[in-house]
Amino acid sequence: MFAVSILLMTSRKQAVKALKESEEKHRLFFENAPIGIIHYNRQGIVTDVNKELTAILGATRGKLLGLNMLDLPNKWLLAKKYG
C-alpha cells in the first residue's frame, strides 16, 4: 500500500510538471506568434488576445476583452474603413 501511494504521488508530480511546461510553451507561442490569435469561451466572449491581433485591429487588449466574437469583424472593419 505504501509503495502504491508513493507511485501515485510521483505520477501526480510528473503530471503537474508536464502541465506547467505545456502551459508555458503555449503562453510563449501565444505571446510571440507572428499572427493574431484570439481566445474566446463557449459563449463567444473574448477572453484573451495577443499583441499581434491588437496591432491588426488597431485596438487595445482592454477594448477587445469581453466582446462577443460575432461583433468583432463588423465593429473593427467598419471602424477601420470609416474611422
# chains A, B, ... in the order shown; residues from 1 in each chain; ligands from 1
>>> select_by_dssp(residues="region 1-71 of chain A", states="helix (DSSP H, G or I)", output="ChimeraX atom specification")
/A:2-32,51-57,61-64
>>> residues_around(residues="Val49 (chain A)", least_positions_apart="5", cutoff="7 Å", atoms="only C-alpha atoms", output="ChimeraX atom specification")
/A:37-39,61
>>> residues_around(residues="Val46 (chain A)", least_positions_apart="6", cutoff="9 Å", atoms="only C-alpha atoms", output="ChimeraX atom specification")
/A:38-40,64-69
>>> write_last_selection(atoms="C-alpha atoms", output="short mmCIF file (atom, residue, chain, number, x, y, z; two decimals), in the first residue's frame")
data_model
loop_
_atom_site.label_atom_id
_atom_site.label_comp_id
_atom_site.auth_asym_id
_atom_site.auth_seq_id
_atom_site.Cartn_x
_atom_site.Cartn_y
_atom_site.Cartn_z
CA ILE A 38 -7.76 35.28 -30.07
CA HIS A 39 -9.10 33.11 -27.24
CA TYR A 40 -12.80 33.00 -26.53
CA LEU A 64 -11.23 43.60 -27.07
CA LEU A 65 -11.64 41.59 -23.87
CA GLY A 66 -15.26 40.86 -23.10
CA LEU A 67 -16.53 41.48 -26.63
CA ASN A 68 -18.56 38.87 -28.44
CA MET A 69 -16.76 37.18 -31.36
#
